[in-house]
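Below: one structure, written as structure tokens.
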Amino acid sequence: MVPFAGWEMPVQYAGVGVEHAQVRRSVGLFDVSHMGEVRVTGSKAEAALQQLLTNDISAIKVGQAQYNAMCHPTGGVVDDLVVYRLGASEFLVCVNAANRSKDFDWMIANNPFPGEAVFVDEGDQWAQIAVQGRNARATLQKLTSVNLEPIANYHFSPGVFAGVEGCIIARTGYTGEDGFEVFIPADRAVPVWDAVLAAGAEYGIQPIGLGARDTLRLEVRYCLYGHELNDETSPLQAGLGWITKLKKPGGFIGSEAILARKEQNEPKLVGMVIDGGRIARDGMEVLHDGAKVGVVTSGTRAPSVEKSVALAYVRADLANPGQRLIIDVRGREAEAEVVAGPFYKRDY
Amino acid sequence: MKFPADLKYTAHDEWARVEDGVLTLGITDFAQDALGDLVHVELPKVGARFKAGDAVCEVESVKAVASVYSPVDGEVVEVNGALDGSEETINQDPYGDGWLVRLKVNDAAGLSSLLDLAAYQAKLAK
């Protein structure tokens, strides 16, 4: 067990490689109760989130979820998060564990409509599991009368799950597979965990630790706050232009700075495949013609593609696919190539 | 966890088997378990010479990278090239097919620093 943002969490149960393969091949169960939840209500709830967040909240309907970012006035990222629209004026915002209090304090301090938009930290009231993999739906359908098949990607349904009322069943995840995340009232979580393990037994379901959670997300190039995103990086640098609606009416906190920074040719986040088997790690330098041109933010051996892969911020003119670069791996040069798109794509 | 009685050990969780002046080196069951799934091994070249205490190779897992140290002065006479792409062999069979390098021992006096099973287990128990 390792301390993670104040939570004692297993890095691995059966082993990172075994767990990773289980999710890619069938289905795995993650305890993600460490994630924070903030409920936002009030007549100006939507307007407040529009100001605080980069994506266009007005574009999602009740029952829909949206990936989003919250920025400083400098354009740096306070956190990346997912917003679930529970009602016309009611939202649940799921934030990173390590940023829970930072995010909540930020929302309160920057709430443009105090009184008309109310933020409540519900992090202690929710447990959360993620069930990910091609057999996730078949596993979970045994535990609920909510028909899961028509719930589209990034949509959700409230309902009774494993006999527990007041759950939220969302078709979201962090693995690149089909799957669900289920919010459960915290005091009812333990029996639900056991029920999911029993329901997935025929698919060989296993608990999955933080180690495989990281290799799974890295293979599909999802950002991890603290690595690809931080208080300085602009969402555009990280390739998150698709959630950054600079033309949103009224803008949002950070929109002007992000627009100005767009013209500055800042370093860009790229995916790289490394020749040979050496592993790049967070903080290693990226070199070109003997000069430092970037820094690695995440690296691993990608089990599903059997390659050593990395994410790195590199000088914008060297960020094109096919570009050859060097990574300084503890004093030895590892050759690498910039590649487009995710390292892994699911085939169903 | 297994620790064969016929092997020698080091304080850095390597094991060694000495036969006819050649020392076979690997990492112990404890070390492979602590590192987790091994994904890369950086082996030395045959003919490379090392002093006792020098790092002779690196083993890298999903979680961490560790140096493997030579317990003696010696010259590399063979490396386990079969590990390339099959690094999990070290996890599965650390004392057999998961061996790393073979060194011709140049200074037999250095062998006296190796730990026997009881001494290694005592170190692990600390």
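Identifiers in this document derive from the order of the structure tokens: chains are assigned A, B, ..., residues are numbered from 1 separately in each chain, and ligands are numbered from 1 in order of occurrence.
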Query raised in the report: Contacts of segment 31-41 of chain A at 8 Å or less, counting only C-alpha atoms, minus same-chain residues fewer than 4 places along, as a list in words?
Result: Trp7, Ala45, Ser89, Glu90, Phe91, Leu92, Val93, Cys94, Val95, Asn96, Ala97, Arg100, Phe104, Ala117, Val118, Phe119, Val120, Asp121, Glu122, Gly123, Trp126, Ala127, Gln128, Ile129, Ala130, Pro207 and Ile208 of chain A
Could those residues be written to a file, using C-alpha atoms, as a PDB file, in the first residue's frame?
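Listing of part_4.pdb after writing:
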```pdb
ATOM      1  CA  TRP A   7      -5.408   7.634   0.941  1.00  0.00           C
ATOM      2  CA  ALA A  45     -25.231  26.949 -11.056  1.00  0.00           C
ATOM      3  CA  SER A  89     -29.567  23.653 -12.080  1.00  0.00           C
ATOM      4  CA  GLU A  90     -27.753  20.738 -10.416  1.00  0.00           C
ATOM      5  CA  PHE A  91     -24.321  19.296 -11.180  1.00  0.00           C
ATOM      6  CA  LEU A  92     -21.866  16.851  -9.640  1.00  0.00           C
ATOM      7  CA  VAL A  93     -18.227  17.699 -10.348  1.00  0.00           C
ATOM      8  CA  CYS A  94     -15.704  14.871  -9.986  1.00  0.00           C
ATOM      9  CA  VAL A  95     -12.181  16.135  -9.241  1.00  0.00           C
ATOM     10  CA  ASN A  96      -8.746  14.631  -8.623  1.00  0.00           C
ATOM     11  CA  ALA A  97      -8.086  13.399  -5.091  1.00  0.00           C
ATOM     12  CA  ARG A 100      -9.859  18.116  -3.706  1.00  0.00           C
ATOM     13  CA  PHE A 104     -13.168  23.395  -3.614  1.00  0.00           C
ATOM     14  CA  ALA A 117     -24.695  29.078  -7.055  1.00  0.00           C
ATOM     15  CA  VAL A 118     -23.919  26.858  -4.053  1.00  0.00           C
ATOM     16  CA  PHE A 119     -20.873  24.572  -3.911  1.00  0.00           C
ATOM     17  CA  VAL A 120     -20.884  21.677  -1.425  1.00  0.00           C
ATOM     18  CA  ASP A 121     -17.917  19.341  -0.923  1.00  0.00           C
ATOM     19  CA  GLU A 122     -19.473  15.868  -0.940  1.00  0.00           C
ATOM     20  CA  GLY A 123     -16.170  13.979  -1.141  1.00  0.00           C
ATOM     21  CA  TRP A 126     -19.448   9.222  -2.004  1.00  0.00           C
ATOM     22  CA  ALA A 127     -17.547   6.066  -2.697  1.00  0.00           C
ATOM     23  CA  GLN A 128     -16.740   5.388  -6.327  1.00  0.00           C
ATOM     24  CA  ILE A 129     -15.860   2.279  -8.260  1.00  0.00           C
ATOM     25  CA  ALA A 130     -14.803   1.969 -11.867  1.00  0.00           C
ATOM     26  CA  PRO A 207      -9.336  -5.705  -8.474  1.00  0.00           C
ATOM     27  CA  ILE A 208      -6.963  -3.319 -10.259  1.00  0.00           C
TER      28      ILE A 208
END
```
**Report entry** Test item: residues at most 12 Å from Gln264 of chain A, only C-alpha atoms, excluding those fewer than 5 positions along its chain, as number ranges by chain
**Finding:** A: 234, 236-237, 257-259, 315-317
Put those residues in a file: N, CA and C atoms, as a tab-separated table (two decimals), in the first residue's frame.
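Generated output (selection.tsv):
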```
chain	number	residue	atom	x	y	z
A	234	SER	N	-0.85	25.38	-19.89
A	234	SER	CA	-2.13	25.77	-20.49
A	234	SER	C	-2.78	24.51	-21.07
A	236	LEU	N	-4.17	24.13	-23.80
A	236	LEU	CA	-3.83	23.98	-25.22
A	236	LEU	C	-2.49	23.28	-25.40
A	237	GLN	N	-1.53	23.57	-24.52
A	237	GLN	CA	-0.25	22.88	-24.58
A	237	GLN	C	-0.43	21.37	-24.42
A	257	ALA	N	-5.82	34.75	-21.15
A	257	ALA	CA	-4.41	34.35	-21.08
A	257	ALA	C	-4.13	33.17	-22.01
A	258	ILE	N	-5.05	32.23	-22.07
A	258	ILE	CA	-4.85	31.06	-22.94
A	258	ILE	C	-4.78	31.50	-24.40
A	259	LEU	N	-5.65	32.46	-24.75
A	259	LEU	CA	-5.65	32.97	-26.12
A	259	LEU	C	-4.31	33.65	-26.43
A	315	ARG	N	9.69	21.37	-27.47
A	315	ARG	CA	9.63	22.61	-28.23
A	315	ARG	C	8.65	22.45	-29.39
A	316	ALA	N	7.82	23.46	-29.63
A	316	ALA	CA	6.70	23.32	-30.56
A	316	ALA	C	7.14	22.91	-31.96
A	317	ASP	N	8.31	23.40	-32.41
A	317	ASP	CA	8.75	23.07	-33.77
A	317	ASP	C	9.27	21.64	-33.88
```
Report task. Could you please write out, as a PyMOL selection string, every residue of chain B that DSSP assigns to helix (DSSP H, G or I)? Result -> chain B and resi 29-35+81-83+88-92+108-113+117-125
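Coordinates place atom CA of Asp187 of chain A at a distance of 26.8 Å from atom CA of Asn135 of chain A.
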Query - Asn99 of chain A environment, 10 Å, only C-alpha atoms, sequence neighbours closer than 5 positions dropped, as JSON, numbers by chain - result: {"A": [5, 35, 36, 78, 79, 80, 104, 105, 225, 226]}
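If only C-alpha atoms are the atoms counted, then among A:Ile327, A:Ala189, A:Leu49, A:Val314 the closest residue to Pro267 of chain A is A:Val314.
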Query raised in the report: Can you tell me, as a list in words, what residues are no more than 9 Å from Ala52 of chain B when counting only C-alpha atoms, ignoring any on the same chain fewer than 6 positions away?
Result: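 The contact residues come out as Tyr69, Ser70, Pro71, Val72, Asp73, Gly74 and Gly110 of chain B.
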Requested in this report: Could you please select, counting only C-alpha atoms, the residues of chain B within 12 Å of chain A and state them as a list in words?
Outcome: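 In the required form, that comes to Gln32, Asp33, Ala34, Leu35, Gly36, Asp37, Leu38, Val39, His40, Val41, Glu42, Leu43, Glu58, Val59, Glu60, Ser61, Val62, Lys63, Ala64, Val65, Ala66, Ser67, Leu83, Asp84, Gly85, Ser86, Glu87, Glu88 and Asn91 of chain B.
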Any chance you could export the current selection's N, CA and C atoms as an mmCIF file, in the first residue's frame?
```cif
data_model
loop_
_atom_site.group_PDB
_atom_site.id
_atom_site.type_symbol
_atom_site.label_atom_id
_atom_site.label_comp_id
_atom_site.auth_asym_id
_atom_site.auth_seq_id
_atom_site.Cartn_x
_atom_site.Cartn_y
_atom_site.Cartn_z
ATOM 1 N N GLN B 32 12.939 -9.448 -6.843
ATOM 2 C CA GLN B 32 11.998 -9.421 -7.973
ATOM 3 C C GLN B 32 10.581 -9.126 -7.486
ATOM 4 N N ASP B 33 10.250 -9.609 -6.292
ATOM 5 C CA ASP B 33 8.911 -9.358 -5.759
ATOM 6 C C ASP B 33 8.749 -7.872 -5.406
ATOM 7 N N ALA B 34 9.819 -7.294 -4.838
ATOM 8 C CA ALA B 34 9.751 -5.881 -4.456
ATOM 9 C C ALA B 34 9.671 -4.979 -5.691
ATOM 10 N N LEU B 35 10.379 -5.342 -6.743
ATOM 11 C CA LEU B 35 10.373 -4.523 -7.961
ATOM 12 C C LEU B 35 9.070 -4.659 -8.725
ATOM 13 N N GLY B 36 8.470 -5.829 -8.682
ATOM 14 C CA GLY B 36 7.261 -6.067 -9.484
ATOM 15 C C GLY B 36 7.637 -6.443 -10.909
ATOM 16 N N ASP B 37 6.674 -6.352 -11.806
ATOM 17 C CA ASP B 37 6.857 -6.812 -13.189
ATOM 18 C C ASP B 37 8.078 -6.168 -13.847
ATOM 19 N N LEU B 38 9.074 -6.964 -14.187
ATOM 20 C CA LEU B 38 10.260 -6.436 -14.846
ATOM 21 C C LEU B 38 9.992 -6.261 -16.332
ATOM 22 N N VAL B 39 10.428 -5.119 -16.873
ATOM 23 C CA VAL B 39 10.138 -4.803 -18.269
ATOM 24 C C VAL B 39 11.389 -4.488 -19.084
ATOM 25 N N HIS B 40 12.523 -4.312 -18.416
ATOM 26 C CA HIS B 40 13.745 -4.014 -19.175
ATOM 27 C C HIS B 40 14.973 -4.384 -18.362
ATOM 28 N N VAL B 41 15.967 -4.907 -19.051
ATOM 29 C CA VAL B 41 17.257 -5.201 -18.423
ATOM 30 C C VAL B 41 18.339 -4.608 -19.300
ATOM 31 N N GLU B 42 19.227 -3.859 -18.689
ATOM 32 C CA GLU B 42 20.339 -3.253 -19.410
ATOM 33 C C GLU B 42 21.580 -4.077 -19.069
ATOM 34 N N LEU B 43 21.970 -4.979 -19.988
ATOM 35 C CA LEU B 43 23.071 -5.916 -19.706
ATOM 36 C C LEU B 43 24.400 -5.320 -20.168
ATOM 37 N N GLU B 58 21.389 -3.003 -15.008
ATOM 38 C CA GLU B 58 20.203 -2.385 -14.432
ATOM 39 C C GLU B 58 18.995 -3.254 -14.723
ATOM 40 N N VAL B 59 18.160 -3.409 -13.747
ATOM 41 C CA VAL B 59 16.879 -4.086 -13.979
ATOM 42 C C VAL B 59 15.773 -3.068 -13.714
ATOM 43 N N GLU B 60 14.815 -3.016 -14.625
ATOM 44 C CA GLU B 60 13.780 -1.990 -14.537
ATOM 45 C C GLU B 60 12.407 -2.636 -14.560
ATOM 46 N N SER B 61 11.581 -2.230 -13.631
ATOM 47 C CA SER B 61 10.203 -2.727 -13.572
ATOM 48 C C SER B 61 9.265 -1.588 -13.931
ATOM 49 N N VAL B 62 7.985 -1.908 -13.960
ATOM 50 C CA VAL B 62 6.990 -0.863 -14.186
ATOM 51 C C VAL B 62 7.161 0.241 -13.151
ATOM 52 N N LYS B 63 7.517 -0.145 -11.937
ATOM 53 C CA LYS B 63 7.550 0.810 -10.828
ATOM 54 C C LYS B 63 8.889 1.499 -10.634
ATOM 55 N N ALA B 64 9.989 0.793 -10.889
ATOM 56 C CA ALA B 64 11.277 1.304 -10.416
ATOM 57 C C ALA B 64 12.420 0.715 -11.219
ATOM 58 N N VAL B 65 13.597 1.334 -11.040
ATOM 59 C CA VAL B 65 14.800 0.813 -11.665
ATOM 60 C C VAL B 65 15.800 0.534 -10.547
ATOM 61 N N ALA B 66 16.554 -0.569 -10.680
ATOM 62 C CA ALA B 66 17.532 -0.918 -9.654
ATOM 63 C C ALA B 66 18.829 -1.350 -10.321
ATOM 64 N N SER B 67 19.939 -0.988 -9.706
ATOM 65 C CA SER B 67 21.234 -1.447 -10.185
ATOM 66 C C SER B 67 21.556 -2.792 -9.552
ATOM 67 N N LEU B 83 16.801 -12.813 -22.050
ATOM 68 C CA LEU B 83 15.870 -11.986 -21.275
ATOM 69 C C LEU B 83 15.278 -10.849 -22.106
ATOM 70 N N ASP B 84 15.920 -10.512 -23.221
ATOM 71 C CA ASP B 84 15.466 -9.391 -24.040
ATOM 72 C C ASP B 84 14.068 -9.663 -24.582
ATOM 73 N N GLY B 85 13.106 -8.906 -24.153
ATOM 74 C CA GLY B 85 11.713 -9.135 -24.551
ATOM 75 C C GLY B 85 10.992 -10.158 -23.698
ATOM 76 N N SER B 86 11.742 -10.839 -22.825
ATOM 77 C CA SER B 86 11.124 -11.845 -21.931
ATOM 78 C C SER B 86 11.570 -11.590 -20.499
ATOM 79 N N GLU B 87 11.557 -10.298 -20.122
ATOM 80 C CA GLU B 87 12.074 -9.923 -18.804
ATOM 81 C C GLU B 87 11.278 -10.549 -17.663
ATOM 82 N N GLU B 88 10.021 -10.950 -17.953
ATOM 83 C CA GLU B 88 9.213 -11.563 -16.901
ATOM 84 C C GLU B 88 9.813 -12.872 -16.401
ATOM 85 N N ASN B 91 11.022 -12.553 -12.980
ATOM 86 C CA ASN B 91 9.987 -12.697 -11.957
ATOM 87 C C ASN B 91 9.615 -14.156 -11.731
#
```
**Report entry** Neighbour list for segment 13-22 of chain B as a list of chain:residue names, cut-off 7 Å, only C-alpha atoms, skip fewer than 3 positions in-chain
**Finding:**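 The contact residues come out as B:Leu7, B:Lys8, B:Tyr9, B:Thr10, B:Leu25, B:Gly26, B:Ile27, B:Thr28, B:Ala31, B:Arg102, B:Leu103, B:Lys104, B:Val105.
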**Report entry** Selection near Lys2 of chain B, 10 Å with only C-alpha atoms, sequence-local residues under 4 positions removed, as an MDAnalysis selection string
**Finding:** chainID B and resid 28:30 94:95
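When the distance limit is 10 Å and only C-alpha atoms are what count, the residues near Glu228 of chain A, minus those fewer than 6 positions from it on the same chain, are Arg221, Tyr222, Pro235, Gln237, Ala238, Gly239, Leu269, Asp282, Val296, Thr297, Ser298, Leu311, Ala312 and Tyr313 of chain A.
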